[in-house]
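Q: One file is attached below, data26.cif, containing mmCIF, C-alpha atoms.
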data_upload
#
loop_
_atom_site.label_atom_id
_atom_site.label_comp_id
_atom_site.auth_asym_id
_atom_site.auth_seq_id
_atom_site.Cartn_x
_atom_site.Cartn_y
_atom_site.Cartn_z
CA MET A 1 -75.38 37.36 186.05
CA SER A 2 -75.42 35.31 189.25
CA ILE A 3 -72.14 36.85 190.48
CA ILE A 4 -73.50 40.36 190.01
CA SER A 5 -76.73 39.37 191.75
CA LYS A 6 -74.86 37.93 194.72
CA LEU A 7 -72.87 41.13 195.05
CA ASN A 8 -76.14 43.05 194.97
CA ILE A 9 -74.97 45.11 191.98
CA THR A 10 -77.55 46.22 189.45
CA ARG A 11 -76.85 45.78 185.76
CA SER A 12 -77.02 49.55 185.32
CA ASN A 13 -74.46 50.22 188.06
CA TYR A 14 -72.13 47.57 186.65
CA PHE A 15 -72.06 48.99 183.11
CA SER A 16 -71.95 52.56 184.40
CA PHE A 17 -68.84 51.67 186.38
CA ILE A 18 -67.15 50.03 183.37
CA LEU A 19 -67.78 53.16 181.30
CA ALA A 20 -66.49 55.36 184.12
CA LEU A 21 -63.19 53.47 184.08
CA PHE A 22 -62.35 54.73 180.58
CA PRO A 23 -61.10 58.20 181.61
CA LEU A 24 -58.79 56.55 184.15
CA SER A 25 -57.66 53.86 181.69
CA PHE A 26 -56.37 56.58 179.37
CA ILE A 27 -53.97 57.57 182.15
CA ALA A 28 -52.97 53.96 182.83
CA GLY A 29 -52.01 53.26 179.20
CA ASN A 30 -52.99 51.30 176.08
CA MET A 31 -52.99 47.89 177.74
CA ILE A 32 -55.59 49.02 180.29
CA ILE A 33 -57.62 50.79 177.59
CA ASN A 34 -57.76 47.55 175.58
CA ALA A 35 -58.67 45.59 178.71
CA ASN A 36 -61.48 48.08 179.38
CA ILE A 37 -62.81 47.68 175.82
CA ILE A 38 -62.71 43.88 176.05
CA LEU A 39 -64.44 43.99 179.45
CA LEU A 40 -67.26 46.13 178.04
CA ILE A 41 -67.68 43.95 174.95
CA PHE A 42 -67.72 40.61 176.77
CA SER A 43 -69.89 41.94 179.60
CA THR A 44 -72.44 43.09 177.05
CA LEU A 45 -72.39 39.75 175.23
CA ILE A 46 -72.75 37.79 178.47
CA LEU A 47 -75.18 39.97 180.43
CA ILE A 48 -77.25 41.42 177.60
CA GLY A 49 -76.89 38.59 175.10
CA LYS A 50 -78.79 38.60 171.82
CA GLN A 51 -80.72 41.67 172.92
CA SER A 52 -77.57 43.77 172.35
CA PHE A 53 -77.76 43.03 168.62
CA ASN A 54 -81.40 44.11 168.38
CA ILE A 55 -80.48 47.60 167.28
CA LYS A 56 -82.46 49.42 164.64
CA TYR A 57 -79.58 50.30 162.36
CA GLN A 58 -79.90 53.78 160.95
CA LEU A 59 -78.10 55.10 157.85
CA LEU A 60 -75.31 56.36 160.11
CA ASP A 61 -74.73 52.92 161.62
CA LYS A 62 -74.63 51.33 158.18
CA LEU A 63 -72.06 53.88 157.02
CA ILE A 64 -69.88 53.20 160.06
CA ILE A 65 -70.11 49.45 159.42
CA SER A 66 -69.22 50.13 155.76
CA PHE A 67 -66.14 52.07 156.86
CA PHE A 68 -64.91 49.10 158.89
CA PHE A 69 -65.75 46.75 156.02
CA LEU A 70 -63.64 48.95 153.72
CA ILE A 71 -60.74 48.68 156.17
CA LEU A 72 -60.97 44.88 155.89
CA ILE A 73 -61.07 45.00 152.08
CA THR A 74 -58.11 47.38 151.99
CA GLY A 75 -56.15 45.17 154.36
CA PHE A 76 -56.83 42.06 152.28
CA ALA A 77 -55.96 43.82 148.98
CA ASN A 78 -52.65 45.17 150.30
CA ASP A 79 -51.62 41.90 151.92
CA TYR A 80 -52.43 40.06 148.70
CA GLN A 81 -50.18 42.48 146.80
CA THR A 82 -47.46 41.94 149.40
CA TYR A 83 -47.73 38.19 148.83
CA VAL A 84 -47.63 38.55 145.04
CA ASP A 85 -44.60 40.86 145.17
CA ARG A 86 -42.97 38.57 147.75
CA LEU A 87 -42.21 41.45 150.08
CA TRP A 88 -41.72 39.04 152.97
CA TRP A 89 -39.99 41.63 155.13
CA LYS A 90 -43.30 43.54 155.42
CA GLY A 91 -44.87 40.51 157.03
CA TYR A 92 -47.52 38.47 155.21
CA PHE A 93 -51.12 39.17 156.30
CA SER A 94 -49.97 41.86 158.76
CA VAL A 95 -52.41 44.51 157.51
CA ILE A 96 -55.46 42.24 157.46
CA LEU A 97 -54.68 41.12 161.02
CA LYS A 98 -54.48 44.76 162.13
CA SER A 99 -57.75 45.41 160.30
CA ILE A 100 -59.51 42.52 162.05
CA TYR A 101 -58.18 43.67 165.41
CA PHE A 102 -59.49 47.17 164.64
CA LEU A 103 -63.04 45.75 164.57
CA LYS A 104 -63.14 45.99 168.36
CA TYR A 105 -63.89 49.70 167.96
CA LEU A 106 -66.96 48.89 165.88
CA MET A 107 -68.16 46.58 168.67
CA LEU A 108 -67.37 49.28 171.23
CA TYR A 109 -69.51 51.75 169.26
CA ILE A 110 -72.46 49.38 168.71
CA PHE A 111 -72.64 47.99 172.25
CA LEU A 112 -72.06 51.29 174.02
CA ARG A 113 -74.62 53.03 171.84
CA PHE A 114 -77.11 50.27 172.68
CA LEU A 115 -76.45 50.59 176.43
CA ILE A 116 -76.91 54.37 176.36
CA GLU A 117 -79.96 54.36 174.09
CA ASN A 118 -81.70 51.76 176.26
CA LYS A 119 -80.93 53.65 179.49
CA ILE A 120 -78.83 50.82 180.89
CA ILE A 121 -75.92 53.18 181.59
CA ASN A 122 -76.09 56.19 183.88
CA LEU A 123 -73.50 58.83 182.94
CA LYS A 124 -73.04 60.28 186.42
CA LEU A 125 -70.00 58.14 187.28
CA PHE A 126 -68.43 58.84 183.89
CA PHE A 127 -68.68 62.59 184.49
CA ILE A 128 -67.26 62.26 188.01
CA PHE A 129 -64.33 60.03 187.01
CA SER A 130 -63.55 62.26 184.00
CA SER A 131 -63.49 65.31 186.25
CA LEU A 132 -61.27 63.60 188.82
CA GLY A 133 -58.92 62.44 186.05
CA VAL A 134 -58.57 65.94 184.60
CA LEU A 135 -57.96 67.57 187.99
CA PHE A 136 -55.45 64.86 188.94
CA VAL A 137 -53.44 65.21 185.72
CA SER A 138 -53.49 69.03 185.93
CA LEU A 139 -52.26 69.04 189.53
CA ASP A 140 -49.70 66.33 188.78
CA VAL A 141 -48.26 68.45 185.95
CA LEU A 142 -47.99 71.40 188.35
CA TYR A 143 -46.34 69.12 190.94
CA GLN A 144 -43.84 67.92 188.32
CA TYR A 145 -43.04 71.52 187.39
CA ILE A 146 -42.37 72.48 191.02
CA PHE A 147 -40.44 69.37 192.15
CA GLY A 148 -38.91 68.11 188.90
CA GLN A 149 -40.85 64.84 189.03
CA ASP A 150 -44.49 63.84 189.30
CA ILE A 151 -46.02 61.89 192.20
CA PHE A 152 -45.15 58.58 190.50
CA GLY A 153 -41.51 59.57 190.18
CA PHE A 154 -41.56 60.42 186.45
CA GLU A 155 -38.84 63.03 186.03
CA THR A 156 -39.02 66.09 183.83
CA ILE A 157 -37.57 65.35 180.39
CA GLY A 158 -34.98 67.69 178.90
CA SER A 159 -35.40 71.39 179.54
CA GLY A 160 -38.95 70.96 180.81
CA ARG A 161 -40.56 72.75 177.86
CA LYS A 162 -43.15 69.97 177.92
CA LEU A 163 -44.32 68.00 180.94
CA GLY A 164 -45.88 64.54 180.79
CA GLY A 165 -47.12 64.24 184.37
CA PRO A 166 -48.47 60.70 184.95
CA PHE A 167 -47.87 59.84 181.27
CA GLY A 168 -44.10 59.72 181.81
CA ASP A 169 -42.12 60.17 178.60
CA GLU A 170 -45.33 60.41 176.57
CA LEU A 171 -45.81 64.17 176.56
CA ILE A 172 -49.59 64.07 176.07
CA ALA A 173 -50.91 65.44 179.37
CA GLY A 174 -52.39 68.51 177.68
CA GLY A 175 -54.28 66.35 175.20
CA TYR A 176 -55.82 64.31 178.01
CA ILE A 177 -56.87 67.43 179.93
CA GLN A 178 -58.48 68.97 176.85
CA ARG A 179 -60.34 65.78 175.92
CA PHE A 180 -62.06 65.41 179.30
CA SER A 181 -62.03 69.03 180.50
CA LEU A 182 -65.67 69.98 179.87
CA PHE A 183 -67.01 67.31 182.23
CA VAL A 184 -65.47 69.22 185.15
CA PHE A 185 -67.84 72.15 184.60
CA PHE A 186 -70.97 70.05 183.98
CA THR A 187 -70.71 67.53 186.83
CA LEU A 188 -72.06 69.70 189.65
CA PRO A 189 -74.96 71.33 187.71
CA LEU A 190 -76.09 68.01 186.19
CA PHE A 191 -75.79 65.52 189.01
CA PHE A 192 -75.71 67.44 192.29
CA ASN A 193 -77.80 70.08 193.97
CA TYR A 194 -75.09 72.65 193.47
CA LYS A 195 -77.20 75.31 195.21
CA ASP A 196 -76.17 73.62 198.45
CA PHE A 197 -72.53 74.51 197.66
CA LYS A 198 -72.07 77.93 199.26
CA PHE A 199 -68.77 78.53 197.48
CA ILE A 200 -69.92 77.55 193.97
CA LYS A 201 -69.10 81.03 192.61
CA PHE A 202 -65.51 80.57 193.72
CA LEU A 203 -65.24 76.86 192.91
CA ILE A 204 -65.77 77.13 189.14
CA PRO A 205 -63.04 79.81 188.66
CA ILE A 206 -60.66 77.71 190.79
CA LEU A 207 -61.35 74.62 188.68
CA LEU A 208 -60.80 76.68 185.53
CA ILE A 209 -57.46 77.97 186.83
CA ILE A 210 -56.31 74.42 187.65
CA ILE A 211 -57.21 73.22 184.14
CA LEU A 212 -55.52 76.20 182.47
CA ILE A 213 -52.38 75.65 184.55
CA GLY A 214 -52.35 72.00 183.50
CA LEU A 215 -52.80 72.89 179.82
CA ILE A 216 -50.21 75.68 179.79
CA PHE A 217 -47.54 73.89 181.84
CA SER A 218 -47.96 70.65 179.87
CA GLY A 219 -46.53 72.52 176.88
CA ASN A 220 -49.06 71.00 174.45
CA ARG A 221 -50.10 74.05 172.43
CA MET A 222 -52.84 72.55 170.23
CA PRO A 223 -54.90 71.18 173.17
CA LEU A 224 -54.83 74.65 174.74
CA LEU A 225 -56.10 76.22 171.51
CA LEU A 226 -58.81 73.55 171.18
CA PHE A 227 -59.89 74.13 174.78
CA LEU A 228 -60.23 77.86 174.08
CA LEU A 229 -62.14 77.06 170.88
CA ILE A 230 -64.71 74.80 172.54
CA ILE A 231 -65.28 77.25 175.40
CA PHE A 232 -65.84 79.98 172.81
CA LEU A 233 -68.24 77.79 170.80
CA ILE A 234 -70.25 76.80 173.88
CA SER A 235 -70.54 80.49 174.78
CA ILE A 236 -71.97 81.18 171.32
CA PHE A 237 -74.50 78.34 171.29
CA GLN A 238 -75.49 78.33 175.00
CA LYS A 239 -76.92 81.73 175.85
CA GLN A 240 -76.94 80.86 179.58
CA ILE A 241 -73.14 80.60 179.47
CA ARG A 242 -72.39 83.77 177.49
CA LYS A 243 -72.27 85.86 180.65
CA PHE A 244 -69.27 83.80 181.77
CA LEU A 245 -67.25 84.42 178.59
CA ILE A 246 -65.66 87.69 179.70
CA PRO A 247 -64.67 86.31 183.17
CA PHE A 248 -63.24 83.24 181.42
CA ILE A 249 -61.19 85.37 179.02
CA SER A 250 -59.97 87.49 181.92
CA ILE A 251 -58.88 84.42 183.92
CA PHE A 252 -57.12 82.96 180.88
CA ILE A 253 -55.25 86.20 180.15
CA ILE A 254 -54.11 86.48 183.78
CA VAL A 255 -52.96 82.83 184.05
CA PHE A 256 -51.27 82.83 180.64
CA THR A 257 -49.56 86.21 181.20
CA LEU A 258 -48.19 85.10 184.58
CA GLY A 259 -46.91 81.83 183.13
CA PHE A 260 -45.45 83.50 180.04
CA ASN A 261 -43.62 86.24 181.94
CA PHE A 262 -42.40 84.26 184.94
CA ASN A 263 -41.56 80.90 183.37
CA LYS A 264 -38.77 80.71 180.81
CA GLU A 265 -39.85 77.36 179.39
CA ILE A 266 -43.46 78.46 178.84
CA LYS A 267 -42.25 81.64 177.18
CA THR A 268 -39.86 79.73 174.90
CA ASN A 269 -42.49 77.14 174.06
CA PHE A 270 -45.10 79.64 172.92
CA LEU A 271 -42.61 81.94 171.18
CA ILE A 272 -41.53 78.91 169.11
CA PHE A 273 -45.21 78.19 168.44
CA PHE A 274 -45.92 81.74 167.27
CA ASN A 275 -42.79 81.62 165.09
CA GLU A 276 -43.94 78.32 163.55
CA ILE A 277 -47.37 79.79 162.76
CA SER A 278 -45.64 82.70 161.03
CA LYS A 279 -43.46 80.31 159.01
CA MET A 280 -46.44 78.14 158.17
CA THR A 281 -48.35 81.16 156.81
CA THR A 282 -45.40 82.09 154.60
CA ILE A 283 -44.99 78.49 153.39
CA ILE A 284 -48.69 78.20 152.49
CA ILE A 285 -48.60 81.50 150.59
CA ASN A 286 -45.43 80.49 148.71
CA ARG A 287 -46.54 76.85 148.33
CA ASP A 288 -43.14 75.65 149.46
CA ALA A 289 -43.94 72.87 151.94
CA ILE A 290 -41.04 70.63 150.91
CA ASN A 291 -38.39 73.24 151.67
CA GLU A 292 -35.74 71.90 154.10
CA LYS A 293 -36.27 75.01 156.25
CA SER A 294 -39.95 74.21 156.70
CA PRO A 295 -41.03 72.97 160.15
CA GLN A 296 -40.97 69.18 160.28
CA TYR A 297 -44.73 68.81 160.80
CA ILE A 298 -45.35 70.83 157.61
CA ARG A 299 -43.13 68.44 155.69
CA GLU A 300 -44.98 65.54 157.33
CA PHE A 301 -48.24 66.92 155.94
CA ALA A 302 -46.63 67.30 152.51
CA THR A 303 -45.52 63.64 152.34
CA PHE A 304 -49.11 62.42 152.23
CA TYR A 305 -49.95 63.51 148.66
CA ASP A 306 -47.54 61.31 146.71
CA THR A 307 -48.23 58.49 149.16
CA TRP A 308 -51.99 58.81 148.61
CA LEU A 309 -51.56 58.74 144.82
CA MET A 310 -50.15 55.21 145.11
CA ASN A 311 -53.52 53.89 146.36
CA LYS A 312 -56.03 56.61 145.58
CA TYR A 313 -59.37 54.82 145.95
CA ILE A 314 -59.13 52.23 148.73
CA GLY A 315 -55.85 53.29 150.35
CA GLY A 316 -52.77 51.42 151.45
CA GLY A 317 -54.21 49.78 154.57
CA ILE A 318 -54.22 50.91 158.18
CA LYS A 319 -50.81 51.70 159.70
CA ASN A 320 -49.24 51.15 156.26
CA PHE A 321 -48.38 54.79 155.57
CA ARG A 322 -44.95 54.14 157.13
CA TYR A 323 -44.21 51.66 154.29
CA TYR A 324 -45.66 53.39 151.22
CA CYS A 325 -44.26 56.79 152.20
CA HIS A 326 -40.71 55.45 151.84
CA VAL A 327 -41.32 54.06 148.35
CA ARG A 328 -43.47 56.92 147.01
CA PRO A 329 -42.63 58.65 143.71
CA ASN A 330 -40.63 61.89 143.83
CA LEU A 331 -38.96 60.88 147.11
CA ASP A 332 -35.90 63.05 147.67
CA LYS A 333 -33.36 60.50 148.91
CA ASN A 334 -30.88 63.26 149.72
CA SER A 335 -33.28 64.96 152.11
CA VAL A 336 -32.60 64.61 155.84
CA PHE A 337 -36.33 64.20 156.47
CA LYS A 338 -38.12 61.54 154.43
CA CYS A 339 -41.15 60.18 156.29
CA ASN A 340 -42.85 59.73 159.60
CA MET A 341 -45.11 56.98 160.91
CA HIS A 342 -48.25 58.85 159.75
CA PRO A 343 -49.08 62.27 158.22
CA HIS A 344 -50.11 63.79 161.59
CA ASN A 345 -53.65 64.66 160.54
CA TYR A 346 -56.72 62.42 160.76
CA TYR A 347 -58.08 63.30 157.34
CA LEU A 348 -54.78 63.00 155.49
CA GLU A 349 -54.13 59.66 157.17
CA ILE A 350 -57.60 58.37 156.30
CA LEU A 351 -57.01 59.43 152.69
CA THR A 352 -53.72 57.56 152.44
CA GLU A 353 -54.80 54.44 154.35
CA THR A 354 -58.45 53.99 153.31
CA GLY A 355 -58.41 56.03 150.10
CA LEU A 356 -60.92 58.42 148.63
CA ILE A 357 -63.78 56.04 149.48
CA GLY A 358 -62.79 55.95 153.17
CA PHE A 359 -62.36 59.73 153.25
CA ILE A 360 -65.84 60.29 151.79
CA LEU A 361 -67.38 57.75 154.17
CA ILE A 362 -65.82 59.27 157.31
CA SER A 363 -66.70 62.81 156.15
CA VAL A 364 -70.36 61.82 155.65
CA ILE A 365 -70.37 60.01 159.02
CA PHE A 366 -69.06 63.10 160.84
CA THR A 367 -71.55 65.35 159.00
CA ILE A 368 -74.53 63.15 159.94
CA ILE A 369 -73.41 63.08 163.59
CA LEU A 370 -73.22 66.88 163.65
CA TYR A 371 -76.69 67.03 162.06
CA LYS A 372 -78.17 64.60 164.61
CA THR A 373 -76.62 66.44 167.56
CA LEU A 374 -75.46 70.03 167.01
CA TYR A 375 -78.06 70.93 164.38
CA LYS A 376 -81.00 69.26 166.14
CA LYS A 377 -80.11 70.81 169.47
CA TYR A 378 -79.50 74.38 168.39
CA PHE A 379 -81.16 75.00 165.02
CA ILE A 380 -84.51 73.18 164.99
CA LYS A 381 -87.19 72.33 167.53
CA SER A 382 -86.53 68.88 168.99
CA ALA A 383 -86.38 66.96 172.26
CA LEU A 384 -82.65 67.72 172.39
CA ASN A 385 -83.30 71.45 172.88
CA ASP A 386 -83.59 71.08 176.64
CA ASN A 387 -81.01 68.34 176.98
CA VAL A 388 -77.91 69.53 178.83
CA ILE A 389 -76.02 66.28 179.24
CA ILE A 390 -75.23 66.09 175.51
CA ILE A 391 -73.49 69.50 175.43
CA PRO A 392 -69.95 68.47 176.45
CA PHE A 393 -70.03 65.50 174.07
CA ILE A 394 -71.02 67.69 171.11
CA PHE A 395 -68.20 70.17 171.56
CA LEU A 396 -65.56 67.61 172.49
CA PHE A 397 -66.50 65.76 169.29
CA ILE A 398 -66.10 68.98 167.28
CA ALA A 399 -62.66 69.52 168.82
CA GLU A 400 -61.63 65.93 168.04
CA ILE A 401 -62.61 66.08 164.36
CA PHE A 402 -61.41 69.66 163.85
CA PRO A 403 -59.71 69.39 160.44
CA ILE A 404 -56.98 72.03 160.78
CA LYS A 405 -54.87 70.51 163.52
CA SER A 406 -51.89 68.25 163.97
CA THR A 407 -52.89 64.90 165.48
CA GLY A 408 -51.60 61.49 166.40
CA SER A 409 -52.56 58.53 164.26
CA PHE A 410 -56.30 57.96 163.79
CA PHE A 411 -55.77 54.19 164.04
CA THR A 412 -53.92 54.07 167.39
CA THR A 413 -55.54 52.71 170.55
CA GLY A 414 -55.92 56.00 172.39
CA ASN A 415 -57.29 58.07 169.50
CA ALA A 416 -59.61 55.41 168.07
CA THR A 417 -61.00 54.52 171.50
CA TYR A 418 -61.69 58.13 172.41
CA LEU A 419 -63.33 59.00 169.09
CA PHE A 420 -65.62 55.95 168.91
CA LEU A 421 -66.42 56.33 172.62
CA ILE A 422 -67.58 59.93 172.10
CA MET A 423 -69.45 58.94 168.92
CA ALA A 424 -71.28 56.11 170.69
CA LEU A 425 -72.29 58.34 173.61
CA LEU A 426 -73.41 61.13 171.29
CA ILE A 427 -75.53 58.90 169.06
CA GLY A 428 -76.86 56.92 172.03
CA ILE A 429 -78.08 60.10 173.71
CA SER A 430 -79.49 61.59 170.50
CA GLU A 431 -81.34 58.41 169.53
CA LYS A 432 -82.78 58.09 173.03
CA TYR A 433 -84.28 61.56 172.67
CA ASN A 434 -85.14 61.02 169.02
CA SER A 435 -87.60 58.33 170.17
CA ILE A 436 -89.27 61.04 172.27
CA ASP A 437 -89.67 63.21 169.19
CA LYS A 438 -91.32 60.34 167.30
CA ARG A 439 -93.88 59.87 170.09
CA LEU A 440 -94.88 63.52 170.10
#
Render the structure in this file as structure tokens.

A:
Amino acid sequence: MSIISKLNITRSNYFSFILALFPLSFIAGNMIINANIILLIFSTLILIGKQSFNIKYQLLDKLIISFFFLILITGFANDYQTYVDRLWWKGYFSVILKSIYFLKYLMLYIFLRFLIENKIINLKLFFIFSSLGVLFVSLDVLYQYIFGQDIFGFETIGSGRKLGGPFGDELIAGGYIQRFSLFVFFTLPLFFNYKDFKFIKFLIPILLIIILIGLIFSGNRMPLLLFLLIIFLISIFQKQIRKFLIPFISIFIIVFTLGFNFNKEIKTNFLIFFNEISKMTTIIINRDAINEKSPQYIREFATFYDTWLMNKYIGGGIKNFRYYCHVRPNLDKNSVFKCNMHPHNYYLEILTETGLIGFILISVIFTIILYKTLYKKYFIKSALNDNVIIIPFIFLFIAEIFPIKSTGSFFTTGNATYLFLIMALLIGISEKYNSIDKRL
């Protein structure tokens, strides 16, 4: 605390800055994300001390802790079976070590929720840095499209159907833009006297165009659809924003039509997407997911069922799908496609790796969060009714847990950090205002 005092930095400013670094750390990579998490955890332990553990644990918190406890049990059970079966090539105690390491996300959730609920963190910097990150990635993707490489020298991969921008060969720029996009539109109204901005009517459409260009040119189709979904949902729930829905749709149609008609790669990318949706509809109707002609991601979804049956109740352990999938019953050894690293859907992965118990726990956790935030804000009278700062977090959370989408692994650094970060901020804000309700 003495170093911070000497630098004349308040505790609030210090933690607000650490939180604000998260949107930028997602661009920098997993190592920086982990460093950011560790910095937040140790800073809280050192500067807040025992006070950070004085949280009144609600049912939701206990369920989240139970979910992590289940992960530990599952890891121990699977490593014990590995030891008994002498499957040394899997690595003894590998799953339990991964499970213990995964506990950092529980600490991230608890400490960050405490900091928000006790008004130690101001979210202004987080909104600003998120907005800057989104605009930077969007413009960098456009720069890469025009010049064949981004500002860091990352060259376009292959035909250029997808562009990674500052993420290099990780083609996830669209996912990043979607995850932090809403903060761009809320920063000025929430934290600045935007009436002083004479060109505000022109600024918002320009920002929207930049984001849409980034999403479309990145080639990531699902993030674009999720962005459209959350804008549509906000327009439904926020009556003040409904008047902007038609201008938004008009801008999207213009930007997408121009990109589709004047860019071969964009046209090819979305034609393939529309064709895959058509195939997927036919496959679902005919219940023929294992057909060799099925798109690969459909077959990836299909591999989860037999894998789940091997460990129905407590699962096979985190990041263990890649092992059990290859030894599952009914495996067609003559098939070109056999398995992937995970089933490419959060819920299917949770089913296979934490079992039916983990699936029920996470489903109840998500439902309670939606009740505490979405339901309390829009369907009943509460202190959240007039709260604007919680809006982007609610709808970004909905987009993240949207069940019908292809995703990366739930247990990877980027996805786990983002989800528990949003959860902590959501619950921290809601509990802070819940205390207001109790006083009324």

Q: Using the chain letters and numbers from this file, what does the PyMOL selection byres ((chain A and resi 309-318) around 7) select? Give the answer as a VMD selection string.

A: chain A and resid 71 74 to 75 78 95 99 305 to 308 319 to 321 351 to 358 411

Q: Since we have the selection now, will you write its residues out, keeping C-alpha atoms, as a PDB file, in the frame of the given file?

A:
ATOM      1  CA  ILE A  71     -60.740  48.680 156.170  1.00  0.00           C
ATOM      2  CA  THR A  74     -58.110  47.380 151.990  1.00  0.00           C
ATOM      3  CA  GLY A  75     -56.150  45.170 154.360  1.00  0.00           C
ATOM      4  CA  ASN A  78     -52.650  45.170 150.300  1.00  0.00           C
ATOM      5  CA  VAL A  95     -52.410  44.510 157.510  1.00  0.00           C
ATOM      6  CA  SER A  99     -57.750  45.410 160.300  1.00  0.00           C
ATOM      7  CA  TYR A 305     -49.950  63.510 148.660  1.00  0.00           C
ATOM      8  CA  ASP A 306     -47.540  61.310 146.710  1.00  0.00           C
ATOM      9  CA  THR A 307     -48.230  58.490 149.160  1.00  0.00           C
ATOM     10  CA  TRP A 308     -51.990  58.810 148.610  1.00  0.00           C
ATOM     11  CA  LYS A 319     -50.810  51.700 159.700  1.00  0.00           C
ATOM     12  CA  ASN A 320     -49.240  51.150 156.260  1.00  0.00           C
ATOM     13  CA  PHE A 321     -48.380  54.790 155.570  1.00  0.00           C
ATOM     14  CA  LEU A 351     -57.010  59.430 152.690  1.00  0.00           C
ATOM     15  CA  THR A 352     -53.720  57.560 152.440  1.00  0.00           C
ATOM     16  CA  GLU A 353     -54.800  54.440 154.350  1.00  0.00           C
ATOM     17  CA  THR A 354     -58.450  53.990 153.310  1.00  0.00           C
ATOM     18  CA  GLY A 355     -58.410  56.030 150.100  1.00  0.00           C
ATOM     19  CA  LEU A 356     -60.920  58.420 148.630  1.00  0.00           C
ATOM     20  CA  ILE A 357     -63.780  56.040 149.480  1.00  0.00           C
ATOM     21  CA  GLY A 358     -62.790  55.950 153.170  1.00  0.00           C
ATOM     22  CA  PHE A 411     -55.770  54.190 164.040  1.00  0.00           C
TER      23      PHE A 411
END

Q: Since I can't run it myself right now, could you work out what the PyMOL selection byres ((chain A and resi 408) around 7) selects here and report it as an MDAnalysis selection string?

A: chainID A and resid 344:345 407 409:410

Q: When the PyMOL selection byres ((chain A and resi 251) around 12) is applied to the file above, which residues end up in the set, as a list in words?

A: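 Taken on the displayed file, the PyMOL selection byres ((chain A and resi 251) around 12) yields the residues Ile204, Pro205, Ile206, Leu207, Leu208, Ile209, Ile210, Ile211, Leu212, Ile213, Leu228, Phe244, Leu245, Ile246, Pro247, Phe248, Ile249, Ser250, Phe252, Ile253, Ile254, Val255, Phe256, Thr257 and Leu258 of chain A.
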
Q: Could you check the closest approach to A:Asn118 for each of A:Ile55, A:Ile96, A:Ile65, A:Ile272 and tell me which residue wins, using only C-alpha atoms?

A: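 That would be A:Ile55, the residue with the smallest distance to A:Asn118.
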
Q: Which neighbours of stretch 12-14 of chain A fall inside 7 Å, counting all atoms listed in the file, when residues of the same chain fewer than 2 positions from it are skipped, and could you give them as a compact mmCIF listing (two decimals) with C-alpha atoms, keeping the file's coordinate frame?

A:
# COMPACT_ATOMS: atom_id res chain seq x y z
CA ILE A 9 -74.97 45.11 191.98
CA THR A 10 -77.55 46.22 189.45
CA SER A 16 -71.95 52.56 184.40
CA PHE A 17 -68.84 51.67 186.38
CA ILE A 18 -67.15 50.03 183.37
CA ILE A 120 -78.83 50.82 180.89
CA ILE A 121 -75.92 53.18 181.59
CA ASN A 122 -76.09 56.19 183.88

Q: What does the structure give for the distance between atom CA of A:Phe227 and atom CA of A:Thr367, in Å to one decimal?

A: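 Spanning atom CA of A:Phe227 to atom CA of A:Thr367 is a straight-line distance of 21.5 Å.
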
Q: Please indicate the distance in Å from atom CA of A:Met423 to atom CA of A:Lys119, rounded to one decimal place.

A: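 Going from atom CA of A:Met423 over to atom CA of A:Lys119, I get 16.5 Å.
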
Q: Please indicate the distance in Å from atom CA of A:Gly168 to atom CA of A:Ser131, rounded to one decimal place.

A: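 The value is 20.7 Å.
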
Q: Could you tell me which of A:Leu421, A:Cys325, A:Leu374, A:Leu361 comes closest to A:Leu60 if we count all atoms listed in the file?

A: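 Closest candidate: A:Leu361.
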
Q: Neighbouring residues of A:Lys243 were defined as those with any atom within 12 Å, considering only C-alpha atoms; residues of the same chain fewer than 6 positions away were excluded. Please report them as a PDB file with C-alpha atoms, in the frame of the given file.

A:
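File written: result-v6.pdb
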ATOM      1  CA  PHE A 232     -65.840  79.980 172.810  1.00  0.00           C
ATOM      2  CA  ILE A 234     -70.250  76.800 173.880  1.00  0.00           C
ATOM      3  CA  SER A 235     -70.540  80.490 174.780  1.00  0.00           C
ATOM      4  CA  ILE A 236     -71.970  81.180 171.320  1.00  0.00           C
ATOM      5  CA  ILE A 249     -61.190  85.370 179.020  1.00  0.00           C
TER       6      ILE A 249
END

Q: For A:Phe42, which residue among A:Ala399, A:Leu190, A:Leu112, A:Ile404 is the nearest when counting only C-alpha atoms?

A: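 For A:Phe42, the nearest of the candidates is A:Leu112.
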
Q: Tell me which protein, DNA and RNA residues are within 10 Å of A:Pro166, counting all atoms listed in the file, leaving out same-chain ones fewer than 3 positions away, and put them as a list in words.

A: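 In the requested format, the answer is Ile27, Ala28, Phe136, Val137, Ser138, Asp140, Val141, Gln144, Gln149, Asp150, Ile151, Phe152, Gly153, Phe154, Glu155, Leu163, Asp169, Glu170, Leu171, Ile172 and Ala173 of chain A.
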
Q: May I have the residues at most 6 Å from (-60.9, 54.2, 175.5) in the file's coordinates, counting only C-alpha atoms, as a PyMOL selection string?

A: chain A and resi 22+33+417-418

Q: Looking at A:Ser218, A:Gln81, A:Ser382, A:Ser66, which one is nearest to A:Glu431, with distances taken over only C-alpha atoms?

A: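 Among the listed residues, A:Ser382 lies closest to A:Glu431.
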
Q: Mind checking which residues fall within 12 Å of A:Ser430, counting all atoms listed in the file, ignoring those fewer than 4 positions away in the same chain, and posting them as an MDAnalysis selection string?

A: chainID A and resid 113:114 116:118 368:377 382:385 387:391 393:394 423:426 434:437

Q: Using all atoms listed in the file, determine which residues lie at most 8 Å from A:Val184, disregarding the query and same-chain residues fewer than 6 positions distant; provide the list as number ranges by chain.

A: A: 127-128, 130-132, 134, 207
